[in-house]
Amino acid sequence: MERLAPDFFDMPTLLLAERLLGKIFVMDAGHGNTPLKGRIVETEAYLAGEDEASHAWRGRTHRNRAMFGPPGTLYVYFSYGCHYLANIVSEPEGSAGAVLLRAMEPVEGIDEMRRRRGTDDLLSLMSGPGKLTQALGIGPEHYAESLVGSRCWIEDAPELSSAKIGTSPRIGISRSAGLPWRKFVIGSPHVSKTRTASRPKKGLIVLES
DNA sequence: GCGATGATGAACT
DNA sequence: GTTCATCATCGCA
């Protein structure tokens, strides 16, 4: 399959979140090693503007500057002191919309992924946003990397029928929660498991109306 | 099978 | 000092 061209990413965030499903994310392993490949099965859209859950909601900062780059830019950030998460910037350039990669199905380089993840379980290799970055080796060195570059890219795949695309609220956020901006491949066992819904704030009694 | 909890660091108030 | 776009592990059933 062909690599996706730069203009593929030049579309509205919510649409890009759907169109990325089924595509193959490729990470070049260098030195003639087998490239690492995963089929994208779950995404979340973080829109420009009214989306309070977006890192760009309060405007441009040093941390989120990659979100303001051209469509097809990787925005990588460190979360919860343990994990790197990867986003793909959408259009229009400068608005800071992005799509979070939440889960993939391992396609190639699976032995290497198993080694990096420390598990043999196929369903645990990439079934979460922190898991897939570990499996692929995405880290700070990929901050603001172009997905149209030579180190990583996305291969095209037949478009999924809308009947295979599921929608739900995003996971793990508290601001702008409830918006149906998570997209996933219906029936894929590699979609992240929706764990316990909410954890009470540490040391706080939360009163809600 | 299930829910609860600590790890751990950077941005932000 | 608080807040996270998380994960693995532990205790209990």
# chains A, B, ... in the order shown; residues from 1 in each chain; ligands from 1

call {"tool": "residues_around", "arguments": {"residues": "DA8 of chain C", "least_positions_apart": "4", "cutoff": "12 Å", "atoms": "only C-alpha atoms (C1' of nucleotides)", "output": "PyMOL selection string"}}
result
(chain A and resi 82+117-119+124+131) or (chain B and resi 5-7)

call {"tool": "residues_around", "arguments": {"residues": "Glu159 of chain A", "least_positions_apart": "3", "cutoff": "10 Å", "atoms": "only C-alpha atoms (C1' of nucleotides)", "output": "PyMOL selection string"}}
result
chain A and resi 18-23+156+162

call {"tool": "interface_residues", "arguments": {"of": "chain A", "to": "chain B", "cutoff": "8 Å", "atoms": "only C-alpha atoms (C1' of nucleotides)", "output": "PyMOL selection string"}}
result
chain A and resi 63+78-82+196

call {"tool": "select_by_dssp", "arguments": {"residues": "segment 33-139 of chain A", "states": "helix (DSSP H, G or I)", "output": "list of chain:residue names"}}
result
A:Arg65, A:Ala66, A:Met67, A:Phe68, A:Ile110, A:Asp111, A:Glu112, A:Met113, A:Arg114, A:Arg115, A:Arg116, A:Arg117, A:Leu122, A:Leu123, A:Ser124, A:Leu125, A:Pro129, A:Gly130, A:Lys131, A:Leu132, A:Thr133, A:Gln134, A:Ala135, A:Leu136

call {"tool": "write_last_selection", "arguments": {"atoms": "N, CA and C atoms", "output": "compact mmCIF listing (two decimals), in the first residue's frame"}}
result
# COMPACT_ATOMS: atom_id res chain seq x y z
N ARG A 65 3.30 23.18 21.53
CA ARG A 65 3.61 23.90 20.31
C ARG A 65 3.51 23.05 19.04
N ALA A 66 3.76 21.74 19.18
CA ALA A 66 3.68 20.88 17.99
C ALA A 66 2.26 20.79 17.45
N MET A 67 1.26 21.01 18.31
CA MET A 67 -0.14 20.94 17.85
C MET A 67 -0.46 22.05 16.86
N PHE A 68 0.33 23.09 16.88
CA PHE A 68 0.07 24.23 16.00
C PHE A 68 0.80 24.10 14.66
N ILE A 110 6.24 -7.98 15.47
CA ILE A 110 5.54 -8.34 16.70
C ILE A 110 6.49 -8.86 17.79
N ASP A 111 7.54 -9.58 17.38
CA ASP A 111 8.50 -10.06 18.38
C ASP A 111 9.18 -8.90 19.09
N GLU A 112 9.54 -7.89 18.30
CA GLU A 112 10.17 -6.71 18.90
C GLU A 112 9.20 -5.97 19.83
N MET A 113 7.94 -5.90 19.42
CA MET A 113 6.93 -5.27 20.28
C MET A 113 6.78 -6.04 21.59
N ARG A 114 6.78 -7.36 21.50
CA ARG A 114 6.66 -8.18 22.71
C ARG A 114 7.83 -7.91 23.65
N ARG A 115 9.02 -7.78 23.07
CA ARG A 115 10.19 -7.53 23.89
C ARG A 115 10.07 -6.18 24.60
N ARG A 116 9.65 -5.17 23.85
CA ARG A 116 9.54 -3.83 24.44
C ARG A 116 8.45 -3.74 25.49
N ARG A 117 7.37 -4.49 25.26
CA ARG A 117 6.24 -4.41 26.19
C ARG A 117 6.40 -5.36 27.36
N LEU A 122 -0.79 -10.87 22.71
CA LEU A 122 -1.06 -10.02 21.54
C LEU A 122 -2.06 -8.91 21.85
N LEU A 123 -3.05 -9.25 22.64
CA LEU A 123 -4.11 -8.28 22.92
C LEU A 123 -3.65 -7.18 23.88
N SER A 124 -2.49 -7.36 24.49
CA SER A 124 -1.99 -6.34 25.42
C SER A 124 -0.87 -5.50 24.81
N LEU A 125 -0.46 -5.83 23.59
CA LEU A 125 0.70 -5.13 23.02
C LEU A 125 0.41 -3.67 22.72
N PRO A 129 -3.33 3.81 24.66
CA PRO A 129 -2.48 4.88 24.11
C PRO A 129 -1.05 4.87 24.63
N GLY A 130 -0.86 4.44 25.89
CA GLY A 130 0.49 4.36 26.42
C GLY A 130 1.18 3.08 25.99
N LYS A 131 0.38 2.04 25.76
CA LYS A 131 0.95 0.76 25.34
C LYS A 131 1.49 0.84 23.92
N LEU A 132 0.74 1.47 23.02
CA LEU A 132 1.18 1.46 21.63
C LEU A 132 2.43 2.31 21.42
N THR A 133 2.60 3.37 22.19
CA THR A 133 3.83 4.15 22.03
C THR A 133 5.03 3.36 22.53
N GLN A 134 4.82 2.57 23.59
CA GLN A 134 5.91 1.74 24.09
C GLN A 134 6.26 0.65 23.08
N ALA A 135 5.23 0.05 22.48
CA ALA A 135 5.46 -1.01 21.50
C ALA A 135 6.19 -0.49 20.27
N LEU A 136 5.85 0.72 19.85
CA LEU A 136 6.44 1.29 18.64
C LEU A 136 7.73 2.05 18.92

call {"tool": "interface_residues", "arguments": {"of": "chain A", "to": "chain C", "cutoff": "10 Å", "atoms": "only C-alpha atoms (C1' of nucleotides)", "output": "compact mmCIF listing (two decimals) with N, CA, C and O atoms, in the first residue's frame"}}
result
# COMPACT_ATOMS: atom_id res chain seq x y z
N GLU A 44 -9.15 9.28 19.21
CA GLU A 44 -9.98 10.29 19.84
C GLU A 44 -9.66 11.64 19.22
O GLU A 44 -8.48 11.96 18.99
N ALA A 45 -10.69 12.44 18.99
CA ALA A 45 -10.49 13.78 18.41
C ALA A 45 -10.41 14.82 19.52
O ALA A 45 -11.21 14.80 20.46
N TYR A 46 -9.41 15.68 19.43
CA TYR A 46 -9.29 16.83 20.33
C TYR A 46 -9.36 18.07 19.47
O TYR A 46 -8.42 18.40 18.75
N ALA A 53 -10.90 19.83 26.98
CA ALA A 53 -10.01 18.71 27.28
C ALA A 53 -8.73 18.78 26.44
O ALA A 53 -7.77 18.06 26.70
N SER A 54 -8.73 19.62 25.43
CA SER A 54 -7.56 19.71 24.57
C SER A 54 -6.42 20.44 25.26
O SER A 54 -6.64 21.43 25.96
N HIS A 55 -5.22 19.96 25.05
CA HIS A 55 -4.05 20.62 25.63
C HIS A 55 -3.88 22.02 25.05
O HIS A 55 -3.18 22.84 25.62
N TYR A 77 3.54 13.60 23.96
CA TYR A 77 3.72 14.18 25.29
C TYR A 77 3.77 13.09 26.35
O TYR A 77 3.35 11.96 26.13
N SER A 79 2.80 11.55 29.93
CA SER A 79 1.59 11.59 30.74
C SER A 79 1.71 10.76 32.01
O SER A 79 2.27 9.67 31.99
N TYR A 80 1.18 11.25 33.08
CA TYR A 80 1.13 10.53 34.35
C TYR A 80 2.51 10.05 34.81
O TYR A 80 2.60 9.07 35.56
N GLY A 81 3.55 10.71 34.34
CA GLY A 81 4.89 10.35 34.80
C GLY A 81 5.37 9.01 34.31
O GLY A 81 6.45 8.55 34.71
N CYS A 82 4.61 8.35 33.46
CA CYS A 82 4.96 6.98 33.06
C CYS A 82 4.90 6.72 31.56
O CYS A 82 5.59 5.83 31.08
N HIS A 83 4.06 7.43 30.85
CA HIS A 83 3.76 7.02 29.48
C HIS A 83 3.85 8.17 28.49
O HIS A 83 3.57 9.32 28.82
N TYR A 84 4.23 7.82 27.26
CA TYR A 84 4.15 8.78 26.18
C TYR A 84 2.89 8.52 25.38
O TYR A 84 2.53 7.37 25.12
N LEU A 85 2.22 9.59 24.98
CA LEU A 85 1.02 9.48 24.16
C LEU A 85 1.26 10.22 22.85
O LEU A 85 1.95 11.25 22.83
N ALA A 86 0.67 9.71 21.77
CA ALA A 86 0.92 10.27 20.45
C ALA A 86 -0.36 10.76 19.79
O ALA A 86 -1.39 10.10 19.82
N ASN A 87 -0.27 11.96 19.21
CA ASN A 87 -1.38 12.57 18.48
C ASN A 87 -0.93 12.94 17.08
O ASN A 87 0.25 13.18 16.84
N LEU A 100 -5.77 11.74 18.90
CA LEU A 100 -5.00 10.85 19.77
C LEU A 100 -5.09 9.42 19.26
O LEU A 100 -6.18 8.92 18.99
N LEU A 101 -3.94 8.77 19.15
CA LEU A 101 -3.91 7.35 18.77
C LEU A 101 -4.11 6.52 20.04
O LEU A 101 -3.28 6.55 20.94
N ARG A 102 -5.23 5.82 20.13
CA ARG A 102 -5.55 5.12 21.38
C ARG A 102 -5.28 3.62 21.35
O ARG A 102 -5.03 3.02 22.39
N GLY A 128 -3.95 0.33 24.02
CA GLY A 128 -4.04 1.50 24.88
C GLY A 128 -3.05 2.54 24.41
O GLY A 128 -2.05 2.18 23.78
N PRO A 129 -3.33 3.81 24.66
CA PRO A 129 -2.48 4.88 24.11
C PRO A 129 -1.05 4.87 24.63
O PRO A 129 -0.12 5.22 23.90
N GLY A 130 -0.86 4.44 25.89
CA GLY A 130 0.49 4.36 26.42
C GLY A 130 1.18 3.08 25.99
O GLY A 130 2.40 3.02 25.84
N LYS A 131 0.38 2.04 25.76
CA LYS A 131 0.95 0.76 25.34
C LYS A 131 1.49 0.84 23.92
O LYS A 131 2.58 0.35 23.63
N ARG A 170 -15.05 10.22 25.06
CA ARG A 170 -13.62 9.99 25.23
C ARG A 170 -13.33 9.44 26.63
O ARG A 170 -14.12 9.59 27.54
N ILE A 171 -12.16 8.82 26.74
CA ILE A 171 -11.81 8.11 27.97
C ILE A 171 -10.78 8.89 28.78
O ILE A 171 -9.84 9.46 28.22
N GLY A 172 -10.99 8.89 30.08
CA GLY A 172 -9.96 9.41 30.97
C GLY A 172 -9.87 10.91 31.08
O GLY A 172 -8.85 11.44 31.51
N ILE A 173 -10.92 11.63 30.69
CA ILE A 173 -10.90 13.08 30.81
C ILE A 173 -12.04 13.52 31.72
O ILE A 173 -13.00 12.79 31.92
N SER A 174 -11.93 14.72 32.27
CA SER A 174 -13.00 15.23 33.12
C SER A 174 -13.61 16.50 32.54
O SER A 174 -14.79 16.77 32.74

call {"tool": "atom_distance", "arguments": {"atom1": "atom CA of Arg39 of chain A", "atom2": "atom CA of Leu14 of chain A"}}
result
18.7 Å
